[in-house]
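*Asks:* Structure: protein.cif, mmCIF, C-alpha atoms.
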data_model
loop_
_atom_site.label_atom_id
_atom_site.label_comp_id
_atom_site.auth_asym_id
_atom_site.auth_seq_id
_atom_site.Cartn_x
_atom_site.Cartn_y
_atom_site.Cartn_z
CA MET A 1 27.63 -19.65 -9.66
CA ASN A 2 28.50 -16.06 -9.07
CA SER A 3 30.64 -15.65 -12.18
CA PRO A 4 29.63 -12.85 -14.55
CA ALA A 5 29.18 -15.16 -17.53
CA GLU A 6 28.00 -14.02 -20.95
CA PRO A 7 24.31 -14.93 -21.22
CA SER A 8 23.84 -18.05 -23.32
CA VAL A 9 20.43 -18.86 -24.74
CA ARG A 10 19.36 -22.51 -24.50
CA ARG A 11 17.12 -22.84 -27.50
CA PRO A 12 18.57 -22.13 -30.95
CA ARG A 13 18.82 -18.40 -31.47
CA LYS A 14 17.36 -16.70 -34.49
CA PRO A 15 19.93 -14.82 -36.49
CA ARG A 16 20.25 -11.24 -35.24
CA ALA A 17 18.45 -8.60 -37.26
CA GLY A 18 19.87 -5.11 -37.04
CA GLY A 19 22.06 -6.04 -34.09
CA GLU A 20 19.02 -6.99 -31.98
CA VAL A 21 18.33 -10.39 -30.49
CA ALA A 22 14.77 -11.17 -31.47
CA ARG A 23 13.84 -13.02 -28.28
CA ASN A 24 15.34 -12.41 -24.86
CA PRO A 25 17.03 -9.04 -24.93
CA LEU A 26 17.93 -10.00 -21.34
CA THR A 27 18.40 -6.59 -19.83
CA PRO A 28 18.10 -6.39 -16.04
CA ASP A 29 14.58 -5.06 -16.65
CA THR A 30 13.57 -8.32 -18.32
CA TRP A 31 14.48 -10.20 -15.15
CA ILE A 32 12.86 -7.60 -12.92
CA GLU A 33 9.61 -7.67 -14.88
CA ALA A 34 9.52 -11.46 -14.96
CA ALA A 35 10.17 -11.59 -11.21
CA THR A 36 7.40 -9.05 -10.58
CA GLU A 37 4.95 -11.11 -12.64
CA VAL A 38 5.73 -14.24 -10.64
CA LEU A 39 5.47 -12.30 -7.37
CA VAL A 40 2.00 -11.05 -8.34
CA ASN A 41 0.65 -14.33 -9.71
CA GLN A 42 2.25 -16.87 -7.41
CA GLY A 43 3.80 -15.10 -4.43
CA ILE A 44 7.34 -14.35 -3.34
CA ASP A 45 8.34 -17.95 -2.59
CA HIS A 46 7.99 -18.79 -6.26
CA VAL A 47 10.41 -16.06 -7.34
CA ARG A 48 13.44 -18.29 -7.91
CA VAL A 49 16.39 -17.71 -10.16
CA ASP A 50 16.29 -21.21 -11.68
CA LEU A 51 12.57 -20.97 -12.54
CA LEU A 52 12.94 -17.47 -13.97
CA ALA A 53 15.87 -18.57 -16.12
CA GLN A 54 13.83 -21.50 -17.41
CA GLN A 55 10.89 -19.24 -18.16
CA LEU A 56 13.09 -16.72 -19.99
CA GLY A 57 14.79 -19.51 -21.92
CA VAL A 58 18.32 -18.73 -20.71
CA THR A 59 20.86 -20.40 -18.45
CA ARG A 60 20.81 -19.79 -14.75
CA GLY A 61 24.39 -18.49 -15.00
CA SER A 62 23.31 -15.58 -17.20
CA PHE A 63 21.37 -14.21 -14.23
CA TYR A 64 24.63 -13.42 -12.45
CA TRP A 65 25.67 -11.23 -15.30
CA HIS A 66 23.20 -8.64 -14.00
CA PHE A 67 22.55 -9.51 -10.35
CA LYS A 68 24.68 -10.48 -7.39
CA ASP A 69 22.12 -12.95 -6.08
CA ARG A 70 18.36 -13.45 -5.56
CA GLU A 71 18.35 -10.83 -2.80
CA ASP A 72 19.81 -8.33 -5.26
CA LEU A 73 17.03 -9.13 -7.76
CA LEU A 74 14.36 -8.69 -5.07
CA ARG A 75 15.84 -5.36 -4.02
CA ARG A 76 15.63 -4.17 -7.60
CA VAL A 77 12.06 -5.41 -7.94
CA LEU A 78 11.20 -3.15 -5.00
CA GLN A 79 13.21 -0.29 -6.45
CA ALA A 80 11.44 -0.59 -9.81
CA TRP A 81 8.07 -0.67 -8.06
CA ARG A 82 8.92 2.43 -6.06
CA GLU A 83 10.03 4.31 -9.13
CA THR A 84 6.90 3.65 -11.16
CA ALA A 85 4.45 3.74 -8.28
CA THR A 86 5.72 6.76 -6.39
CA GLU A 87 8.56 8.79 -7.78
CA ASN A 88 7.43 9.03 -11.39
CA LEU A 89 3.92 9.64 -10.16
CA THR A 90 4.63 12.63 -7.98
CA VAL A 91 6.90 14.13 -10.65
CA ARG A 92 4.19 13.69 -13.26
CA LEU A 93 1.46 15.19 -11.09
CA GLU A 94 3.62 18.12 -10.09
CA SER A 95 4.49 18.99 -13.64
CA ALA A 96 0.91 18.60 -14.92
CA HIS A 97 -0.69 21.27 -12.75
CA ALA A 98 0.60 24.22 -10.83
CA ASP A 99 -2.66 24.47 -8.86
CA PRO A 100 -2.55 22.22 -5.73
CA LEU A 101 -6.32 21.60 -5.85
CA GLU A 102 -5.97 20.35 -9.43
CA GLN A 103 -3.11 18.10 -8.32
CA LEU A 104 -5.33 16.76 -5.55
CA ARG A 105 -8.06 16.01 -8.11
CA ASP A 106 -5.49 14.10 -10.13
CA VAL A 107 -4.54 12.07 -7.06
CA LEU A 108 -8.21 11.23 -6.48
CA SER A 109 -8.51 10.01 -10.08
CA LEU A 110 -5.62 7.54 -9.76
CA PRO A 111 -7.64 4.43 -8.81
CA PHE A 112 -9.90 4.96 -11.83
CA ARG A 113 -7.36 4.82 -14.61
CA GLY A 114 -8.48 1.50 -16.05
CA ARG A 115 -6.19 -1.43 -16.62
CA ALA A 116 -2.99 0.37 -15.68
CA ALA A 117 -4.47 1.22 -12.27
CA ALA A 118 -5.76 -2.34 -11.79
CA ARG A 119 -2.35 -3.76 -12.60
CA ALA A 120 -0.60 -1.32 -10.27
CA ALA A 121 -3.03 -2.29 -7.49
CA ARG A 122 -2.30 -5.99 -7.96
CA ILE A 123 1.46 -5.42 -7.81
CA GLU A 124 1.10 -3.27 -4.75
CA LEU A 125 -1.05 -5.77 -2.87
CA ALA A 126 1.47 -8.52 -3.65
CA ILE A 127 4.28 -6.35 -2.30
CA ARG A 128 2.27 -5.49 0.84
CA ALA A 129 1.66 -9.20 1.43
CA TRP A 130 5.36 -9.90 1.02
CA ALA A 131 6.17 -7.04 3.42
CA ARG A 132 4.31 -8.85 6.21
CA ARG A 133 7.16 -11.35 6.28
CA ASP A 134 10.18 -9.53 4.94
CA GLN A 135 11.95 -6.55 6.44
CA MET A 136 13.39 -5.24 3.17
CA ALA A 137 9.93 -5.20 1.55
CA ARG A 138 8.52 -3.68 4.75
CA PHE A 139 10.95 -0.74 4.50
CA ALA A 140 10.08 -0.22 0.83
CA VAL A 141 6.34 -0.21 1.49
CA ASP A 142 6.64 2.11 4.49
CA GLU A 143 8.82 4.44 2.49
CA ALA A 144 6.36 4.50 -0.42
CA ASP A 145 3.39 5.12 1.88
CA ALA A 146 5.24 7.87 3.74
CA SER A 147 6.37 9.61 0.58
CA ARG A 148 2.91 9.54 -1.03
CA ILE A 149 1.24 10.76 2.15
CA GLY A 150 3.93 13.43 2.41
CA TYR A 151 3.21 14.58 -1.12
CA ILE A 152 -0.55 14.71 -0.53
CA ALA A 153 -0.01 16.53 2.79
CA GLN A 154 2.00 19.14 0.95
CA LEU A 155 -0.94 19.72 -1.39
CA PHE A 156 -3.30 20.19 1.57
CA SER A 157 -0.80 22.62 3.08
CA ALA A 158 -0.62 24.53 -0.19
CA ILE A 159 -4.41 24.81 -0.16
CA GLY A 160 -4.13 26.42 3.24
CA PHE A 161 -4.66 23.79 5.94
CA PRO A 162 -2.45 23.85 9.06
CA VAL A 163 0.49 21.41 8.93
CA LEU A 164 -0.83 18.73 11.31
CA GLU A 165 -4.32 18.83 9.90
CA ALA A 166 -2.90 18.59 6.37
CA ARG A 167 -1.11 15.38 7.36
CA ALA A 168 -4.26 13.87 8.88
CA ARG A 169 -6.27 14.74 5.76
CA ALA A 170 -3.53 13.29 3.56
CA PHE A 171 -3.55 10.02 5.50
CA MET A 172 -7.33 9.71 5.12
CA LEU A 173 -7.40 10.62 1.46
CA TYR A 174 -4.59 8.13 0.86
CA GLY A 175 -6.52 5.45 2.76
CA TYR A 176 -9.51 6.19 0.55
CA ILE A 177 -7.62 5.80 -2.75
CA VAL A 178 -5.86 2.63 -1.53
CA SER A 179 -9.29 1.23 -0.62
CA GLU A 180 -10.73 2.09 -4.02
CA SER A 181 -7.82 0.21 -5.58
CA GLN A 182 -8.07 -2.79 -3.28
CA MET A 183 -11.87 -3.18 -3.34
CA PRO A 184 -12.71 -2.64 -7.00
CA SER A 185 -15.56 -5.13 -7.16
CA LEU A 186 -17.68 -3.65 -4.36
CA SER A 187 -19.26 -0.80 -6.29
CA THR A 188 -20.55 0.08 -9.74
CA GLU A 189 -18.68 2.61 -11.87
CA ALA A 190 -21.43 5.17 -11.24
CA GLN A 191 -21.11 4.72 -7.46
CA LYS A 192 -17.34 5.12 -7.67
CA GLN A 193 -17.58 8.33 -9.65
CA GLU A 194 -20.21 9.72 -7.27
CA ARG A 195 -17.98 8.80 -4.31
CA ARG A 196 -14.96 10.39 -5.89
CA ALA A 197 -16.79 13.70 -6.32
CA PHE A 198 -18.00 13.42 -2.74
CA ALA A 199 -14.47 12.64 -1.49
CA GLU A 200 -13.13 15.77 -3.11
CA ARG A 201 -15.67 17.90 -1.26
CA LEU A 202 -15.34 16.06 2.06
CA PHE A 203 -11.54 16.07 2.20
CA THR A 204 -11.09 19.65 1.11
CA GLN A 205 -13.83 21.15 3.27
CA ARG A 206 -12.76 23.09 6.35
CA LEU A 207 -13.91 21.76 9.70
CA ALA A 208 -16.63 23.68 11.48
CA PRO A 209 -15.48 24.89 14.91
CA PRO A 210 -16.24 22.30 17.64
CA GLY A 211 -19.82 22.55 18.86
CA ALA A 212 -20.95 24.39 15.72
CA MET B 1 -7.26 -41.12 2.04
CA ASN B 2 -10.77 -39.85 2.52
CA SER B 3 -11.76 -42.37 5.21
CA PRO B 4 -13.10 -40.88 8.44
CA ALA B 5 -10.51 -42.60 10.62
CA GLU B 6 -10.29 -42.16 14.38
CA PRO B 7 -7.48 -39.66 15.05
CA SER B 8 -4.33 -41.44 16.17
CA VAL B 9 -1.56 -39.52 17.89
CA ARG B 10 1.97 -40.34 16.76
CA ARG B 11 3.97 -39.63 19.88
CA PRO B 12 3.18 -41.58 23.08
CA ARG B 13 -0.02 -40.29 24.60
CA LYS B 14 -0.21 -39.24 28.20
CA PRO B 15 -2.81 -41.16 30.14
CA ARG B 16 -6.17 -39.45 29.88
CA ALA B 17 -7.22 -37.35 32.84
CA GLY B 18 -10.97 -36.88 33.29
CA GLY B 19 -11.71 -38.25 29.85
CA GLU B 20 -9.63 -35.48 28.16
CA VAL B 21 -6.66 -35.97 25.89
CA ALA B 22 -3.93 -33.74 27.31
CA ARG B 23 -2.34 -32.71 23.98
CA ASN B 24 -4.16 -32.37 20.71
CA PRO B 25 -7.82 -32.18 21.49
CA LEU B 26 -8.03 -32.14 17.67
CA THR B 27 -11.26 -30.33 17.25
CA PRO B 28 -11.87 -28.81 13.82
CA ASP B 29 -10.88 -25.49 15.43
CA THR B 30 -7.39 -26.81 16.16
CA TRP B 31 -6.89 -27.49 12.46
CA ILE B 32 -8.45 -24.19 11.45
CA GLU B 33 -6.25 -22.19 13.82
CA ALA B 34 -3.10 -24.01 12.74
CA ALA B 35 -3.98 -23.43 9.08
CA THR B 36 -4.59 -19.73 9.75
CA GLU B 37 -1.20 -19.42 11.46
CA VAL B 38 0.56 -20.98 8.48
CA LEU B 39 -1.41 -18.78 6.07
CA VAL B 40 -0.31 -15.65 7.96
CA ASN B 41 3.33 -16.61 8.46
CA GLN B 42 4.12 -18.44 5.25
CA GLY B 43 1.33 -17.89 2.74
CA ILE B 44 -1.46 -20.06 1.34
CA ASP B 45 0.79 -22.43 -0.64
CA HIS B 46 2.26 -23.69 2.61
CA VAL B 47 -1.13 -24.64 4.03
CA ARG B 48 -0.92 -28.38 3.34
CA VAL B 49 -2.68 -31.21 5.12
CA ASP B 50 0.47 -33.33 5.49
CA LEU B 51 2.51 -30.47 6.99
CA LEU B 52 -0.30 -29.47 9.37
CA ALA B 53 -0.71 -33.08 10.55
CA GLN B 54 3.02 -33.27 11.17
CA GLN B 55 2.95 -30.00 13.09
CA LEU B 56 -0.01 -31.11 15.20
CA GLY B 57 1.61 -34.49 15.84
CA VAL B 58 -1.20 -36.57 14.34
CA THR B 59 -1.64 -38.75 11.27
CA ARG B 60 -2.73 -37.25 8.01
CA GLY B 61 -5.73 -39.57 8.02
CA SER B 62 -7.14 -37.95 11.16
CA PHE B 63 -7.64 -34.78 9.15
CA TYR B 64 -10.40 -36.46 7.15
CA TRP B 65 -12.30 -37.13 10.31
CA HIS B 66 -13.23 -33.42 10.33
CA PHE B 67 -12.76 -32.17 6.78
CA LYS B 68 -13.65 -33.44 3.36
CA ASP B 69 -10.42 -32.19 1.80
CA ARG B 70 -8.00 -29.24 1.81
CA GLU B 71 -10.59 -27.07 0.03
CA ASP B 72 -13.02 -27.77 2.87
CA LEU B 73 -10.41 -26.70 5.44
CA LEU B 74 -9.71 -23.49 3.51
CA ARG B 75 -13.41 -22.71 3.29
CA ARG B 76 -13.68 -23.05 7.06
CA VAL B 77 -10.59 -20.88 7.60
CA LEU B 78 -12.44 -18.16 5.70
CA GLN B 79 -15.64 -18.81 7.59
CA ALA B 80 -13.86 -18.58 10.95
CA TRP B 81 -12.19 -15.34 9.88
CA ARG B 82 -15.50 -13.86 8.81
CA GLU B 83 -17.16 -14.78 12.08
CA THR B 84 -14.53 -13.18 14.29
CA ALA B 85 -13.70 -10.28 12.04
CA THR B 86 -17.16 -9.21 11.00
CA GLU B 87 -20.16 -10.93 12.48
CA ASN B 88 -19.12 -11.00 16.12
CA LEU B 89 -17.86 -7.48 15.73
CA THR B 90 -21.04 -5.91 14.48
CA VAL B 91 -23.08 -7.80 17.07
CA ARG B 92 -20.77 -6.61 19.83
CA LEU B 93 -20.82 -3.01 18.70
CA GLU B 94 -24.57 -2.99 18.31
CA SER B 95 -25.16 -4.37 21.77
CA ALA B 96 -22.63 -2.06 23.44
CA HIS B 97 -24.25 1.25 22.50
CA ALA B 98 -27.69 2.26 21.39
CA ASP B 99 -26.39 5.64 20.17
CA PRO B 100 -25.16 5.39 16.53
CA LEU B 101 -22.54 8.10 17.08
CA GLU B 102 -21.11 6.10 19.99
CA GLN B 103 -21.07 3.00 17.78
CA LEU B 104 -19.20 4.99 15.14
CA ARG B 105 -16.63 6.05 17.76
CA ASP B 106 -16.19 2.39 18.63
CA VAL B 107 -15.59 1.54 14.97
CA LEU B 108 -12.95 4.29 14.80
CA SER B 109 -11.19 2.81 17.83
CA LEU B 110 -10.86 -0.66 16.29
CA PRO B 111 -7.37 -0.29 14.80
CA PHE B 112 -6.02 0.88 18.16
CA ARG B 113 -6.87 -2.11 20.30
CA GLY B 114 -3.31 -3.29 20.81
CA ARG B 115 -2.14 -6.80 20.05
CA ALA B 116 -5.55 -8.19 19.18
CA ALA B 117 -5.97 -5.51 16.51
CA ALA B 118 -2.44 -6.09 15.18
CA ARG B 119 -3.07 -9.82 14.92
CA ALA B 120 -6.41 -9.29 13.21
CA ALA B 121 -4.72 -6.95 10.71
CA ARG B 122 -2.06 -9.53 9.89
CA ILE B 123 -4.65 -12.25 9.29
CA GLU B 124 -6.70 -9.93 7.15
CA LEU B 125 -3.79 -8.86 4.98
CA ALA B 126 -2.84 -12.51 4.44
CA ILE B 127 -6.40 -13.29 3.36
CA ARG B 128 -6.49 -10.26 1.04
CA ALA B 129 -3.24 -11.43 -0.55
CA TRP B 130 -4.69 -14.89 -1.01
CA ALA B 131 -7.85 -13.38 -2.51
CA ARG B 132 -5.81 -11.91 -5.35
CA ARG B 133 -5.37 -15.43 -6.69
CA ASP B 134 -8.33 -17.40 -5.39
CA GLN B 135 -12.00 -16.90 -6.19
CA MET B 136 -13.31 -18.41 -2.95
CA ALA B 137 -11.14 -16.11 -0.84
CA ARG B 138 -12.11 -13.22 -3.13
CA PHE B 139 -15.81 -13.81 -2.40
CA ALA B 140 -15.15 -13.99 1.35
CA VAL B 141 -13.16 -10.74 1.37
CA ASP B 142 -15.71 -8.91 -0.78
CA GLU B 143 -18.51 -10.14 1.45
CA ALA B 144 -16.68 -9.01 4.61
CA ASP B 145 -15.90 -5.58 3.14
CA ALA B 146 -19.48 -5.15 1.95
CA SER B 147 -20.99 -6.17 5.25
CA ARG B 148 -18.73 -3.89 7.31
CA ILE B 149 -19.31 -0.96 4.98
CA GLY B 150 -23.03 -1.73 5.12
CA TYR B 151 -22.97 -1.65 8.90
CA ILE B 152 -21.07 1.64 9.02
CA ALA B 153 -23.39 3.11 6.37
CA GLN B 154 -26.34 2.22 8.57
CA LEU B 155 -24.76 4.19 11.41
CA PHE B 156 -24.31 7.24 9.19
CA SER B 157 -27.94 6.88 8.09
CA ALA B 158 -29.05 6.67 11.72
CA ILE B 159 -27.14 9.90 12.42
CA GLY B 160 -29.18 11.52 9.69
CA PHE B 161 -27.20 11.48 6.44
CA PRO B 162 -29.00 10.66 3.15
CA VAL B 163 -28.65 7.03 2.04
CA LEU B 164 -26.14 7.49 -0.79
CA GLU B 165 -24.04 9.95 1.14
CA ALA B 166 -24.04 7.59 4.14
CA ARG B 167 -22.62 4.84 1.92
CA ALA B 168 -19.88 7.12 0.56
CA ARG B 169 -18.94 8.23 4.07
CA ALA B 170 -18.92 4.61 5.24
CA PHE B 171 -16.59 3.60 2.42
CA MET B 172 -14.16 6.39 3.30
CA LEU B 173 -14.24 5.77 7.02
CA TYR B 174 -13.69 2.08 6.36
CA GLY B 175 -10.74 2.89 4.08
CA TYR B 176 -9.32 4.99 6.87
CA ILE B 177 -9.50 2.25 9.53
CA VAL B 178 -8.12 -0.37 7.12
CA SER B 179 -5.20 2.00 6.40
CA GLU B 180 -4.53 2.55 10.11
CA SER B 181 -4.37 -1.24 10.49
CA GLN B 182 -2.19 -1.82 7.46
CA MET B 183 0.26 1.05 8.03
CA PRO B 184 0.92 0.88 11.76
CA SER B 185 4.56 1.91 11.62
CA LEU B 186 4.08 5.21 9.79
CA SER B 187 2.98 7.32 12.74
CA THR B 188 3.54 7.76 16.46
CA GLU B 189 0.81 6.85 18.94
CA ALA B 190 0.17 10.54 19.58
CA GLN B 191 -0.26 11.22 15.86
CA LYS B 192 -2.67 8.30 15.55
CA GLN B 193 -4.82 9.48 18.44
CA GLU B 194 -4.87 13.01 17.06
CA ARG B 195 -5.86 11.69 13.65
CA ARG B 196 -8.59 9.52 15.10
CA ALA B 197 -10.19 12.52 16.83
CA PHE B 198 -9.89 14.46 13.59
CA ALA B 199 -11.42 11.59 11.60
CA GLU B 200 -14.44 11.58 13.85
CA ARG B 201 -15.05 15.27 13.19
CA LEU B 202 -14.30 15.09 9.46
CA PHE B 203 -16.46 12.06 8.70
CA THR B 204 -19.46 13.16 10.75
CA GLN B 205 -19.48 16.78 9.63
CA ARG B 206 -22.16 17.80 7.17
CA LEU B 207 -21.00 19.13 3.81
CA ALA B 208 -21.33 22.83 3.22
CA PRO B 209 -23.54 23.57 0.19
CA PRO B 210 -21.43 23.77 -3.03
CA GLY B 211 -19.82 27.16 -3.47
CA ALA B 212 -20.15 28.02 0.24
#
What would the structure in this file look like if it were written as structure tokens?
*Replies:*
Amino acid sequence: MNSPAEPSVRRPRKPRAGGEVARNPLTPDTWIEAATEVLVNQGIDHVRVDLLAQQLGVTRGSFYWHFKDREDLLRRVLQAWRETATENLTVRLESAHADPLEQLRDVLSLPFRGRAAARAARIELAIRAWARRDQMARFAVDEADASRIGYIAQLFSAIGFPVLEARARAFMLYGYIVSESQMPSLSTEAQKQERRAFAERLFTQRLAPPGA
Amino acid sequence: MNSPAEPSVRRPRKPRAGGEVARNPLTPDTWIEAATEVLVNQGIDHVRVDLLAQQLGVTRGSFYWHFKDREDLLRRVLQAWRETATENLTVRLESAHADPLEQLRDVLSLPFRGRAAARAARIELAIRAWARRDQMARFAVDEADASRIGYIAQLFSAIGFPVLEARARAFMLYGYIVSESQMPSLSTEAQKQERRAFAERLFTQRLAPPGA
């Protein structure tokens, strides 16, 4: 089963046009995206090589052309998630604004970016659910949380908060945006926008001295 | 299959002592707890009447003595979760302290109550994952979130914040405690305690007027 066989399509192939296969380009990404879809819609137990192959209209053997085994596919699902959800994100935010307060505003706007944000939230919740029962997914989720909180903490530090306080603020702001993503149906759009403006003020305001 | 049959235990029963069956009292709660365990450890697809009956050592028919069907069991799993997670909680907090600020401190301490809190967090995450794909679970989760946020908002109102601001603060504080529950491995105990004290100050501090 583990032989790196040339992918063979089950149903009759259309003639190639311009060197491209019309259906089933069958890059690793095709498998990774299909696996992610199944994870989100049906849960991790349904991510099976035989079912994915069937769905993609290829033989099971063609899977092993790109992946060592199911575990290898799952690892790359997590890797792909991390890249889109975290690494690309922080790079994009950093390059968009030099001003840390502007970057923070961008972070606060993340849950409100329409369908892309809703989709990202669904993938993330599926991966968090999987991480309850799987150590590899657990590591990936912890790493993503830590790196996002670390990035946000850096912004609070750049604004001028002491290091420990910056981390606490980052954790809370992160908790807030995760909650906005995970509880989209609790509030109207107007309430969300009002809350977002309020969050910006609350999280960036200096604490009064105790007893003040 | 839907006949309300007397439960019959497969393995040889011990003689009754004091009118009690030693194993398998087989109350509805026994089924509900077993179903919740399977939901948490394996996911909703594995919650099946035949497997639960096998696990509890009773016939499948005995299930229908207490429940109309699987859907009925699932509804009562959600109901049981809501009662422990939300209703009992708010009643307990309300009766423990008359002072709203003390009640708020109690809310902030919820994620740090050891194994009970960890178990509650695992159940809740499993139910949130289920709610991504099931409308009944979705309603239950939304209702629980709304009623907890409503309770916390009431506390902020009692402390003296305007109604809308109290709701925004409640949402953020709730996001914070959900995050502490869902990301337990990111921080040391000392960091968590420090953050909790900071959260209390941040969330209860009045906003400075804009531009101050």
*Asks:* Considering all atoms listed in the file, return as a PyMOL selection string whatever protein or nucleic-acid residues lie within 12 Å of Ala85 in chain B, sequence-local ones (same chain, fewer than 2 positions apart) excluded.
*Replies:* chain B and resi 77-83+87-92+110+116-117+119-124+127+140-141+143-145+147-148
*Asks:* Could you please tell me, as a PyMOL selection string, which residues of chain B have an atom within 7 Å of chain A when using only C-alpha atoms?
*Replies:* chain B and resi 41+125-126+129+133+142+146+168+172+175-176+179+186+195+202+207
*Asks:* Return the Cα root-mean-square deviation, in Å, for chain A superposed on chain B by least squares with the Cα atoms paired in order.
*Replies:*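 The root-mean-square deviation of C-alpha positions is 0.2 Å.
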*Asks:* Distance CA of Arg75 in chain B-CA of Gly57 in chain B, one decimal place?
*Replies:*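 CA of Gly57 in chain B lies at a distance of 22.8 Å from CA of Arg75 in chain B.
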*Asks:* Quick one: pull the distance between CA of Leu93 in chain B and CA of Thr204 in chain B, Å, one decimal.
*Replies:*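 If I compute the distance from CA of Leu93 in chain B to CA of Thr204 in chain B, I get 18.1 Å.
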*Asks:* Measuring between only C-alpha atoms, which one of A:Val47, A:Ala131, A:Ala118, A:Ala166 shows the shortest distance to Gly150 in chain A?
*Replies:*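 Of A:Val47, A:Ala131, A:Ala118, A:Ala166, the one nearest Gly150 in chain A is A:Ala166, counting only C-alpha atoms.
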*Asks:* For His66 in chain B, please output as a list in words all residues within 10 Å (counting only C-alpha atoms; exclusion window: fewer than 2 positions along the same chain).
*Replies:*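 Counting only the stated atoms, we get Pro4, Ala5, Pro7, Leu26, Thr27, Pro28, Asp29, Trp31, Gly61, Ser62, Phe63, Tyr64, Lys68, Asp69, Asp72 and Leu73 of chain B.
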*Asks:* Ranking A:Asp134, A:Pro100, A:Arg115, A:Thr188 by minimum distance to Phe156 in chain A and counting all atoms listed in the file, which one comes first?
*Replies:* A:Pro100
*Asks:* CA of Ala34 in chain B and CA of Leu74 in chain B, how far apart in Å?
*Replies:*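 Atom-to-atom, CA of Leu74 in chain B to CA of Ala34 in chain B, that is 11.4 Å.
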